[in-house]
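Here's the structure, in structure tokens; my notes come after.
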Amino acid sequence: MSKRTISLVLAVVLMLSAVGIAAAASKYDVTEPITITWWHAHEDQLTPYLNYMIDRFHEQQSLIKVEPVYIGSYTEINTQLIAAIASGEVPALATANTSYPAAYGAAGITEILDPYIEAYNFDIADFGEGLIKSTSYNGQQVALPYLISTQVMYFNKDMADAEGIEMPKTFDEFEAFLEKATLFNEDGTTKRYGTVFGGWDYWYYETLFKNNEVWTVLDDETTDVNSEMSIYITTKMKEWIDKGYAYYAYGTGASPNMRQLFWDGGAFSVFHTSSLYDTYVQNSDFEVGMAWLPGSIDGTRFMSEVGGAAILIPAAATQRQKNAAWQFLMFMASPEVNLYWADQTGYFPTRASVMGTPEYEEYLNRKPAMKDIVAMSGWINPRNQHPAYDTVANEWRHALARIFNEGAPVKETLDKLASDIEEILEDF
Amino acid sequence: MSIETRVKRAANRPHITKPARIASVVLFIFGIILFVVGSYGYLAGDLNLESLQPIANEVYAARKEARAFETPITGTVGLFGEGRFPVPIALLSIVMNNAIIIALVGITFLFNAVMFRIQSWERMKDLFCVEPALFFFLLFVYYPIVDLVRISFTDMRMLVTDPQKFIGFKNYEWLFLRSGWERFSESLMITFRYTFWEIFITLVGGMLLALLFNRMSKSFNAMRAVVFMPKYIAVSTSAVVFIWILNGNYGILNYILSTFGIKGPNWLVEAKYALTGILFLTGWRVVGYAMMIYLSAMQGIPRDYYEAAAIDGADAVHRFRYITIPMLGPTTLFLFVTTFIASMKVFQSVDVMTGGGPGTATNVMVQWIYNLSFSDFRAARSAAVSVVFFFILLIATAVTMRWSSKSVSYDS
């Protein structure tokens, strides 16, 4: 999609928004010039697109000036935001990883967006149930879905075609796939891993468990990380790692190491986020394929989880800041901007109204590997919204690392983990 | 008391002028007022005293509204309950925000009021020169420590903006009697292990390098500068470089090892090697500094001692053992104590290189304290661990100083 087309479309969108704004004439209107700060986590490669969008926003209206500030990773934004809230000096907008809105909502530190949505008749339903849930807490919208991704397996399509390897659809098919995709050297060491599990973040592999009914946090504040099924899956993963079929990328530099291994041909496939599709394609001298993560053993569940970023307004901002932030937020979450971002990055289009448009078709033609993923997007679910989930899931991640990398016994380690998790949950 | 002593004391007693007496009374009155006002603000705000909670809540609500709509805080609130002694909320808000400063100014006034009664004007002038520094020292060094202790008795969480509640010793109970203990003892052991090796590298490496470079030629000066240089480079910057050097698959260290047929481990990823990986960076940074300190001390050892020993037939090893090492005792003690304190508080290199991982393999104490606050959002628990860790450091340093004062010779 050319920049001119985008500009035209955005102009129309903003004119319509302006009509909407005028019609609304609510207490959320922006009536005087204001400069607002937006804390984001978008690295250098996204800066041109980010600036392009902000420039379009500035062109379309004259009252609000947005100053983007790169803070660092999602974790760093979280740290800075907490410090800012404590001091009372907050930005008008902040980007947050999709794992945070629930905790922020529970703590009441984000602005509830429902009154704004109502005042401007903002079509929130266009995002779809899963995405709305992932950015709300207790039924209240605390953020908007913005750059959305999900877990996928990238694979070397050239190798797959040449060697007749098919990606596994279920957990049961995984072992046969690994046997086929793994190559060994003469001395028995692994020449090419069948797959690499992204072990530096539990998000990358947790659906292998969840699709098989293993829940790190259950509704009654207990866990079944030491259930029979959990032990079975963990044992299987350990077996594959021990045999040299798979590699558990964990610790410092795990993500770049895994990517490099894939690009060098040292791994047939990797577990990662769909948002890095462009990065994978640009750095590979082979065709990159994308597959949905293996579903449940019985092939009935193919759940994945929402990843990427949401955008929110801190509750401690002034009302003028909030009003201006809301205007920008509507702009950034509008269908056309949504598609532009998806096109320029590897993120998903998140608005239902985008699907079926000629621009969307054009986008899918340019990114054919996205087709299979988008076709499965109905299975994307919100992340666990328990405020202690991140703490609990990280304990789980460390326990799995002890099992996979240090030879800790599966059952004993998971039993100990279960009792630790229950204590953490009781504490919260 | 003899008459002679009384006369001597009377003679030494400063002459207190009338203006000084007046100043003393004025300062006393203002001091009392400021101290009471500051204490009220502290009790209502920071200590969140239950009886003052309704008043504090009114202030918070007014602040929130004023901030949201960028308007001034308006209205009044009864200081002693409904309608009794009404004061503007704006004023009370300022008092609550600056309670500790107001109380400290009050204490300073009271202190000066007393001093005016017992010191001469000349001495008071000296005192005035020192007081600003003392005031800021109390405010920025000691008050945070006191506040840390206060927080450790509350339920403070980073994400919760509601007023904190006092929960007694619950955080300490968690630390010593519940799940906190396992992590605490593990973290303490990792910290001690790291400290032991940093001290070892500093003392042994520094001394060996000092012996090597203990020559005053131009080329040796240049080499000394090269060895010392890492100390100038920011820890975070060098940590990023070391992450690359220690990368298991693409790092230069493993590449060099592989040329000798050795398969290097994945330094920062495998639990048993991660601390060693961090110590590579530590060693690279600290030995140059230790070398310079030892070198300056070595230059101060009189040559006569070595000459006399050589005449008596002592060889190089004996001269090193019986002259150099004892004469470097105070320097070694200095390096030991400073390295001990610094290494127990290691954070930056660990945070950048491993973040305390893999698992908890490098979860040194300060990293754990940081993670408790910013990952688990349990600020109060983090404060409790900090308080306990503070006392451990204090005791360990005091014991070290006491032990070393007996065994170090300051003859040189």
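Just remember, in the structure tokens the first chain shown is A, the second B, etc., residues are 1-based per chain, and ligands are 1-based in the order shown.
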
List the spatial neighbours of stretch 107-116 of chain A as a PyMOL selection string - criterion: any atom at most 9 Å away, only C-alpha atoms, same-chain residues fewer than 2 positions off excluded. (chain A and resi 28+85+101-105+118-122+136+140-144+312-317+322-323+326+387) or (chain B and resi 159-162)

Counting only C-alpha atoms, what is within 12 Å of B:Val226, bar same-chain residues fewer than 4 positions away, as a list in words? Phe213, Ser219, Phe220, Asn221, Ala222, Pro230, Lys231, Tyr232, Trp284, Arg285, Val287, Gly288, Tyr289, Met291 and Met292 of chain B

Choose the residue, out of A:Ser353, A:Asn405, A:Asn381, A:Thr413, that has the smallest atom-to-atom separation from chain B; count only C-alpha atoms.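 The closest residue to chain B is A:Asn405.
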
Out of A:Pro368, A:Gly307, A:Pro145, A:Pro48, which residue has the shortest atom-to-atom distance to A:Val288 when counting only C-alpha atoms?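 For A:Val288, the nearest of the given residues is A:Pro368.
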
Apply DSSP to the backbone of this structure and, from stretch 85-235 of chain A, keep only the residues in strand (DSSP E); write these as an MDAnalysis selection string. chainID A and resid 93:97 136:137 140:141 144:156 183:184 190:192 195:198

Residues from last step as file, C-alpha atoms, as an mmCIF file, in the first residue's frame:
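Contents of again.cif, freshly written:
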data_model
loop_
_atom_site.group_PDB
_atom_site.id
_atom_site.type_symbol
_atom_site.label_atom_id
_atom_site.label_comp_id
_atom_site.auth_asym_id
_atom_site.auth_seq_id
_atom_site.Cartn_x
_atom_site.Cartn_y
_atom_site.Cartn_z
ATOM 1 C CA LEU A 93 0.050 7.308 26.956
ATOM 2 C CA ALA A 94 2.098 4.192 27.478
ATOM 3 C CA THR A 95 2.632 1.040 25.511
ATOM 4 C CA ALA A 96 2.407 -2.129 27.574
ATOM 5 C CA ASN A 97 2.948 -5.767 26.819
ATOM 6 C CA SER A 136 -9.903 -5.376 29.855
ATOM 7 C CA TYR A 137 -10.149 -6.181 33.518
ATOM 8 C CA GLN A 140 -13.905 -2.780 31.945
ATOM 9 C CA GLN A 141 -11.722 -1.699 29.057
ATOM 10 C CA LEU A 144 -6.781 -0.918 23.529
ATOM 11 C CA PRO A 145 -5.279 -3.707 21.420
ATOM 12 C CA TYR A 146 -2.677 -2.118 19.260
ATOM 13 C CA LEU A 147 0.104 -4.299 17.911
ATOM 14 C CA ILE A 148 -1.019 -7.861 18.260
ATOM 15 C CA SER A 149 0.922 -11.046 17.714
ATOM 16 C CA THR A 150 0.700 -14.680 18.689
ATOM 17 C CA GLN A 151 2.955 -17.702 19.160
ATOM 18 C CA VAL A 152 4.011 -19.438 15.959
ATOM 19 C CA MET A 153 6.604 -21.856 14.651
ATOM 20 C CA TYR A 154 8.862 -20.478 11.941
ATOM 21 C CA PHE A 155 10.336 -23.119 9.697
ATOM 22 C CA ASN A 156 12.686 -23.399 6.771
ATOM 23 C CA LEU A 183 20.023 -34.166 11.519
ATOM 24 C CA PHE A 184 23.000 -35.601 13.385
ATOM 25 C CA THR A 190 23.209 -32.546 16.572
ATOM 26 C CA LYS A 191 23.839 -30.958 13.212
ATOM 27 C CA ARG A 192 20.376 -29.473 12.817
ATOM 28 C CA THR A 195 13.055 -27.247 16.726
ATOM 29 C CA VAL A 196 14.073 -24.700 19.344
ATOM 30 C CA PHE A 197 11.730 -23.910 22.234
ATOM 31 C CA GLY A 198 11.821 -20.215 23.168
#

Distance-based interface of chain A with chain B, 6 Å, counting only C-alpha atoms, as a list of chain:residue names: A:Ala107, A:Gly251, A:Thr252, A:Thr318, A:Gln319, A:His398

Restrict the selected residues to C-alpha atoms and save them as a PDB file, in the first residue's frame.
ATOM      1  CA  ALA A 107      -4.334  -1.997  40.701  1.00  0.00           C
ATOM      2  CA  GLY A 251      19.041 -17.268  29.619  1.00  0.00           C
ATOM      3  CA  THR A 252      21.114 -14.368  28.359  1.00  0.00           C
ATOM      4  CA  THR A 318      -4.628  15.091  33.959  1.00  0.00           C
ATOM      5  CA  GLN A 319      -8.018  15.126  32.273  1.00  0.00           C
ATOM      6  CA  HIS A 398      12.891 -21.546  35.895  1.00  0.00           C
TER       7      HIS A 398
END

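Atom pair atom CA of A:Pro335 / atom CA of A:Ala352 has a distance of 8.4 Å (rounded to one decimal).
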